[in-house]
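Here is my_file.txt, consisting of compact mmCIF, C-alpha atoms and all ligand atoms:
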```
# COMPACT_ATOMS: atom_id res chain seq x y z
CA MET A 1 -6.61 11.40 -26.85
CA LYS A 2 -5.25 13.62 -24.03
CA SER A 3 -8.32 15.84 -24.22
CA ILE A 4 -10.60 12.92 -23.38
CA GLY A 5 -8.27 11.63 -20.66
CA ALA A 6 -7.30 8.51 -22.55
CA LYS A 7 -4.42 6.50 -21.16
CA LEU A 8 -2.81 3.14 -21.72
CA HIS A 9 -4.45 0.23 -19.94
CA ASP A 10 -2.60 -0.06 -16.62
CA LYS A 11 -3.38 -3.71 -15.92
CA PRO A 12 -0.53 -5.99 -16.93
CA PHE A 13 -1.33 -8.67 -19.46
CA PRO A 14 -1.75 -11.93 -17.48
CA GLY A 15 0.94 -13.84 -19.37
CA CYS A 16 3.50 -11.06 -18.84
CA ARG A 17 3.12 -10.20 -15.17
CA HIS A 18 6.64 -11.48 -14.55
CA GLN A 19 8.01 -8.50 -16.56
CA GLU A 20 8.16 -4.89 -15.42
CA MET A 21 5.06 -3.22 -16.88
CA GLY A 22 6.02 -0.95 -19.81
CA SER A 23 9.58 -2.24 -20.13
CA ASP A 24 10.95 -3.51 -23.45
CA ASP A 25 10.79 -7.05 -22.08
CA TYR A 26 7.15 -6.51 -21.11
CA TRP A 27 6.20 -5.33 -24.63
CA ARG A 28 8.25 -8.14 -26.17
CA CYS A 29 6.28 -10.66 -24.08
CA TYR A 30 2.99 -8.88 -24.87
CA ALA A 31 3.66 -9.00 -28.64
CA ARG A 32 4.54 -12.70 -28.47
CA HIS A 33 1.21 -13.45 -26.78
CA LEU A 34 -1.08 -11.21 -28.79
CA VAL A 35 0.20 -10.86 -32.34
CA SER A 36 -2.22 -12.42 -34.82
CA SER A 37 -2.58 -12.65 -38.58
CA ILE A 38 -6.18 -11.32 -38.48
CA TYR A 39 -7.11 -14.46 -40.37
CA HIS A 40 -6.80 -13.72 -44.06
CA PRO A 41 -5.32 -16.99 -45.25
CA VAL A 42 -4.80 -17.34 -49.01
CA GLY A 43 -2.65 -19.16 -51.49
CA THR A 44 -2.88 -22.82 -50.52
CA CYS A 45 -4.02 -23.78 -54.07
CA LYS A 46 -2.46 -21.00 -56.05
CA MET A 47 -3.19 -20.16 -59.68
CA ALA A 48 0.02 -20.34 -61.68
CA PRO A 49 1.37 -21.18 -65.13
CA ASP A 50 2.48 -24.75 -65.84
CA SER A 51 6.09 -23.63 -65.43
CA ASP A 52 5.47 -23.19 -61.69
CA PRO A 53 5.61 -26.58 -59.91
CA MET A 54 3.70 -25.11 -56.93
CA GLY A 55 0.71 -24.08 -59.06
CA VAL A 56 -2.55 -25.96 -58.38
CA VAL A 57 -5.13 -24.34 -60.67
CA ASP A 58 -4.90 -22.94 -64.21
CA ASN A 59 -6.23 -19.57 -65.34
CA LYS A 60 -9.78 -20.98 -65.53
CA LEU A 61 -9.61 -22.22 -61.93
CA ARG A 62 -9.34 -25.88 -63.05
CA VAL A 63 -7.28 -28.17 -60.83
CA LYS A 64 -4.39 -29.38 -62.95
CA GLY A 65 -4.38 -33.11 -63.60
CA VAL A 66 -7.92 -33.63 -62.27
CA THR A 67 -11.04 -33.56 -64.45
CA ASN A 68 -14.21 -31.68 -63.50
CA LEU A 69 -12.80 -29.95 -60.44
CA ARG A 70 -12.39 -26.23 -59.91
CA VAL A 71 -11.36 -24.25 -56.87
CA ALA A 72 -13.08 -20.89 -56.42
CA ASP A 73 -12.00 -19.24 -53.20
CA ALA A 74 -9.21 -17.23 -51.64
CA SER A 75 -6.89 -20.23 -51.74
CA ILE A 76 -6.21 -19.64 -55.46
CA MET A 77 -4.64 -16.20 -54.89
CA PRO A 78 -0.93 -16.57 -55.62
CA LEU A 79 -0.17 -13.94 -52.98
CA VAL A 80 -2.27 -12.16 -50.39
CA THR A 81 -3.92 -9.05 -51.82
CA SER A 82 -2.77 -5.67 -50.54
CA GLY A 83 -6.33 -4.84 -49.45
CA ASN A 84 -9.03 -6.91 -47.81
CA THR A 85 -9.63 -10.39 -49.18
CA ASN A 86 -13.42 -10.60 -49.14
CA ALA A 87 -14.18 -8.64 -52.34
CA PRO A 88 -11.46 -10.43 -54.35
CA SER A 89 -12.88 -13.75 -53.08
CA ILE A 90 -16.33 -12.77 -54.33
CA MET A 91 -14.79 -11.78 -57.67
CA ILE A 92 -13.12 -15.19 -57.91
CA GLY A 93 -16.52 -16.82 -57.34
CA GLU A 94 -18.09 -14.64 -60.06
CA ARG A 95 -15.32 -15.54 -62.51
CA ALA A 96 -15.77 -19.23 -61.66
CA ALA A 97 -19.48 -18.93 -62.50
CA ASP A 98 -18.56 -17.34 -65.86
CA PHE A 99 -16.04 -20.10 -66.66
CA ILE A 100 -18.54 -22.83 -65.83
CA LYS A 101 -21.22 -21.15 -67.99
CA GLU A 102 -18.74 -20.83 -70.88
CA ASP A 103 -18.08 -24.58 -70.72
CA HIS A 104 -21.69 -25.71 -70.40
CA LEU A 105 -23.88 -23.27 -72.37
C1 LIG B 201 -12.68 -12.58 -38.27
C2 LIG B 201 -12.53 -12.26 -39.74
C3 LIG B 201 -12.73 -10.98 -40.17
C4 LIG B 201 -12.60 -10.66 -41.53
N1 LIG B 201 -12.84 -9.38 -41.92
C5 LIG B 201 -12.78 -9.04 -43.22
C6 LIG B 201 -13.08 -7.71 -43.64
O1 LIG B 201 -13.42 -6.83 -42.85
N2 LIG B 201 -12.97 -7.43 -44.97
C7 LIG B 201 -12.59 -8.37 -45.89
O2 LIG B 201 -12.51 -8.06 -47.08
N3 LIG B 201 -12.31 -9.64 -45.50
C8 LIG B 201 -12.40 -10.00 -44.20
N4 LIG B 201 -12.14 -11.28 -43.81
C9 LIG B 201 -11.67 -12.24 -44.81
C10 LIG B 201 -12.79 -12.83 -45.64
O3 LIG B 201 -13.87 -13.20 -44.79
C11 LIG B 201 -12.18 -14.06 -46.36
O4 LIG B 201 -11.04 -13.68 -47.11
C12 LIG B 201 -13.18 -14.69 -47.34
O5 LIG B 201 -14.37 -15.01 -46.67
C13 LIG B 201 -12.52 -15.94 -47.93
O6 LIG B 201 -13.48 -16.59 -48.73
P1 LIG B 201 -13.34 -18.13 -49.06
O7 LIG B 201 -14.49 -18.45 -49.94
O8 LIG B 201 -11.95 -18.40 -49.54
O9 LIG B 201 -13.45 -18.90 -47.66
P2 LIG B 201 -14.66 -18.95 -46.60
O10 LIG B 201 -15.48 -17.70 -46.62
O11 LIG B 201 -14.02 -19.37 -45.31
O12 LIG B 201 -15.59 -20.10 -47.16
C14 LIG B 201 -15.25 -21.47 -47.05
C15 LIG B 201 -16.55 -22.22 -47.05
O13 LIG B 201 -16.28 -23.61 -47.20
C16 LIG B 201 -17.08 -24.31 -46.30
N5 LIG B 201 -16.40 -25.59 -46.07
C17 LIG B 201 -15.27 -25.82 -45.36
N6 LIG B 201 -14.95 -27.13 -45.39
C18 LIG B 201 -15.90 -27.72 -46.15
C19 LIG B 201 -16.12 -29.05 -46.56
N7 LIG B 201 -15.31 -30.06 -46.22
N8 LIG B 201 -17.19 -29.31 -47.33
C20 LIG B 201 -18.03 -28.31 -47.71
N9 LIG B 201 -17.86 -27.02 -47.35
C21 LIG B 201 -16.82 -26.73 -46.58
C22 LIG B 201 -17.16 -23.44 -45.08
O14 LIG B 201 -18.28 -23.79 -44.30
C23 LIG B 201 -17.31 -22.06 -45.73
O15 LIG B 201 -18.66 -21.74 -46.01
C24 LIG B 201 -12.25 -11.65 -42.47
C25 LIG B 201 -12.04 -12.96 -42.02
C26 LIG B 201 -12.18 -13.26 -40.68
C27 LIG B 201 -12.00 -14.69 -40.20
```
Using the file provided, produce a representation of the structure as structure tokens.
Amino acid sequence: MKSIGAKLHDKPFPGCRHQEMGSDDYWRCYARHLVSSIYHPVGTCKMAPDSDPMGVVDNKLRVKGVTNLRVADASIMPLVTSGNTNAPSIMIGERAADFIKEDHL
């Protein structure tokens, strides 16, 4: 980075101008304003065995206690994957298609 003359942006972040630029308090303020999850939400309808009271779908993606309803998206992941979520989401959709075909063909 030195060889191309790169340097840290020297304009203070607008919400943190009250702190000395580069100080610990400045970076603390900066992190509070800018930290984000990068939007990979999962797990709001997690797949789990019946022994887990927080489980929403079974291992065929069927919503427990409701007939004719499946969930096939990232919400069924019990925990966020360690890699990106897009390919696992597509895989969940493919598995859902297989389960539906099994039941109706
Ligand atoms: C900015 C950003 C960058 C990302 N980058 C990557 C990446 O580089 N690599 C990667 O692997 N993953 C990435 N992801 C994550 C990936 O896109 C998601 O994990 C994946 O798309 C989740 O799939 P999903 O089917 O659960 O939800 P979504 O893809 O959000 O699909 C939900 C669908 O439901 C529809 N919908 C919502 N409400 C209703 C309703 N009431 N009735 C009918 N339809 C409805 C929506 O219109 C949408 O089409 C990124 C996500 C974001 C936001």
May I ask for the distance between CA of His40 in chain A and atom N8 of ligand LIG 201 (chain B), given in Å to one decimal place?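 Value for the CA of His40 in chain A-atom N8 of ligand LIG 201 (chain B) distance: 19.0 Å.
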(-3.3, -20.8, -51.7) in this file's frame - what residues fall within 6 Å of it? Use all atoms listed in the file and give the answer as a list in words. Val42, Gly43, Thr44, Cys45, Lys46, Ser75, Ile76 and Met77 of chain A
Please identify all protein, DNA and RNA residues within 6 Å of ligand LIG 201 (chain B), counting all atoms listed in the file, and report them as a list in words.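 Counting all atoms listed in the file, the residues within 6 Å of ligand LIG 201 (chain B) come out as Tyr39, His40, Asp73, Ala74, Ser75, Asn84, Thr85, Asn86, Ala87 and Ser89 of chain A.
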Could the residues in this selection be saved with C-alpha atoms as a compact mmCIF listing (two decimals), in the frame of the given file?
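Result file follows (again.txt):
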```txt
# COMPACT_ATOMS: atom_id res chain seq x y z
CA TYR A 39 -7.11 -14.46 -40.37
CA HIS A 40 -6.80 -13.72 -44.06
CA ASP A 73 -12.00 -19.24 -53.20
CA ALA A 74 -9.21 -17.23 -51.64
CA SER A 75 -6.89 -20.23 -51.74
CA ASN A 84 -9.03 -6.91 -47.81
CA THR A 85 -9.63 -10.39 -49.18
CA ASN A 86 -13.42 -10.60 -49.14
CA ALA A 87 -14.18 -8.64 -52.34
CA SER A 89 -12.88 -13.75 -53.08
```
Tell me which of A:Arg62, A:Ser3, A:Phe13, A:Ser82 sits closest to Trp27 in chain A, counting only C-alpha atoms.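 Counting only C-alpha atoms, the residue closest to Trp27 in chain A is A:Phe13.
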For CA of Cys29 in chain A and CA of Cys16 in chain A, the interatomic separation in Å (one decimal):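 Rounded to one decimal, the two atoms are 5.9 Å apart.
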Taking 5 positions as the minimum chain separation for residues in the same chain, which residues sit within 9 Å of Tyr26 in chain A when counting all atoms listed in the file? Answer as an MDAnalysis selection string. chainID A and resid 12:13 16:21 31
Could I get range 3-14 of chain A from the block written as a CSV table (one decimal), in the first residue's frame, with all heavy atoms?
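Here's the written file result_8.csv:
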```csv
chain,number,residue,atom,x,y,z
A,3,SER,N,3.7,1.6,-1.4
A,3,SER,CA,4.3,1.9,-2.8
A,3,SER,C,3.3,2.6,-3.7
A,3,SER,O,3.8,3.2,-4.7
A,3,SER,CB,4.7,0.5,-3.4
A,3,SER,OG,3.6,-0.2,-3.8
A,4,ILE,N,2.1,2.5,-3.4
A,4,ILE,CA,1.1,3.3,-4.3
A,4,ILE,C,0.6,4.6,-3.6
A,4,ILE,O,-0.3,5.2,-4.0
A,4,ILE,CB,-0.1,2.4,-4.7
A,4,ILE,CG1,-0.9,1.9,-3.5
A,4,ILE,CG2,0.3,1.2,-5.6
A,4,ILE,CD1,-2.2,1.3,-3.8
A,5,GLY,N,1.3,4.9,-2.4
A,5,GLY,CA,0.9,6.1,-1.7
A,5,GLY,C,-0.4,6.1,-1.0
A,5,GLY,O,-1.0,7.1,-0.8
A,6,ALA,N,-0.8,4.9,-0.7
A,6,ALA,CA,-2.1,4.8,0.0
A,6,ALA,C,-2.0,5.3,1.4
A,6,ALA,O,-1.0,5.1,2.1
A,6,ALA,CB,-2.6,3.3,0.0
A,7,LYS,N,-3.1,5.9,1.9
A,7,LYS,CA,-3.1,6.4,3.2
A,7,LYS,C,-4.6,6.4,3.8
A,7,LYS,O,-5.5,6.3,2.9
A,7,LYS,CB,-2.5,7.8,3.4
A,7,LYS,CG,-3.2,8.8,2.5
A,7,LYS,CD,-2.5,10.2,2.6
A,7,LYS,CE,-3.3,11.1,1.7
A,7,LYS,NZ,-3.3,12.5,1.8
A,8,LEU,N,-4.7,6.4,5.0
A,8,LEU,CA,-6.0,6.4,5.6
A,8,LEU,C,-6.8,7.7,5.2
A,8,LEU,O,-6.1,8.7,5.1
A,8,LEU,CB,-6.0,6.3,7.2
A,8,LEU,CG,-5.7,4.9,7.7
A,8,LEU,CD1,-5.6,5.0,9.3
A,8,LEU,CD2,-6.9,4.0,7.4
A,9,HIS,N,-8.0,7.6,5.0
A,9,HIS,CA,-8.9,8.7,4.7
A,9,HIS,C,-8.7,9.7,5.8
A,9,HIS,O,-8.8,9.4,7.0
A,9,HIS,CB,-10.3,8.2,4.7
A,9,HIS,CG,-11.3,9.1,4.0
A,9,HIS,ND1,-10.9,10.3,3.4
A,9,HIS,CD2,-12.6,9.1,3.9
A,9,HIS,CE1,-12.0,10.9,2.9
A,9,HIS,NE2,-13.0,10.2,3.2
A,10,ASP,N,-8.4,11.0,5.5
A,10,ASP,CA,-8.1,12.0,6.5
A,10,ASP,C,-9.3,12.9,6.9
A,10,ASP,O,-9.2,13.8,7.6
A,10,ASP,CB,-6.9,12.8,6.2
A,10,ASP,CG,-7.0,13.6,4.9
A,10,ASP,OD1,-8.1,13.5,4.3
A,10,ASP,OD2,-6.1,14.2,4.5
A,11,LYS,N,-10.5,12.6,6.3
A,11,LYS,CA,-11.7,13.3,6.7
A,11,LYS,C,-12.4,12.6,7.8
A,11,LYS,O,-12.7,11.4,7.7
A,11,LYS,CB,-12.6,13.4,5.5
A,11,LYS,CG,-12.0,14.1,4.2
A,11,LYS,CD,-12.2,15.6,4.3
A,11,LYS,CE,-11.7,16.3,3.1
A,11,LYS,NZ,-10.2,16.2,2.9
A,12,PRO,N,-12.6,13.3,8.9
A,12,PRO,CA,-13.3,12.7,10.0
A,12,PRO,C,-14.8,12.2,9.6
A,12,PRO,O,-15.4,12.9,8.8
A,12,PRO,CB,-13.4,13.7,11.1
A,12,PRO,CG,-13.1,15.0,10.4
A,12,PRO,CD,-12.4,14.7,9.2
A,13,PHE,N,-15.2,11.1,10.1
A,13,PHE,CA,-16.5,10.7,9.9
A,13,PHE,C,-17.5,11.7,10.5
A,13,PHE,O,-17.3,12.1,11.7
A,13,PHE,CB,-16.7,9.3,10.5
A,13,PHE,CG,-18.1,8.7,10.3
A,13,PHE,CD1,-18.5,8.2,9.1
A,13,PHE,CD2,-19.0,8.6,11.4
A,13,PHE,CE1,-19.7,7.7,8.9
A,13,PHE,CE2,-20.3,8.1,11.2
A,13,PHE,CZ,-20.6,7.7,9.9
A,14,PRO,N,-18.5,12.1,9.8
A,14,PRO,CA,-19.4,13.2,10.3
A,14,PRO,C,-19.9,13.0,11.7
A,14,PRO,O,-19.9,14.0,12.5
A,14,PRO,CB,-20.5,13.3,9.2
A,14,PRO,CG,-19.9,12.7,8.0
A,14,PRO,CD,-18.9,11.7,8.4
```
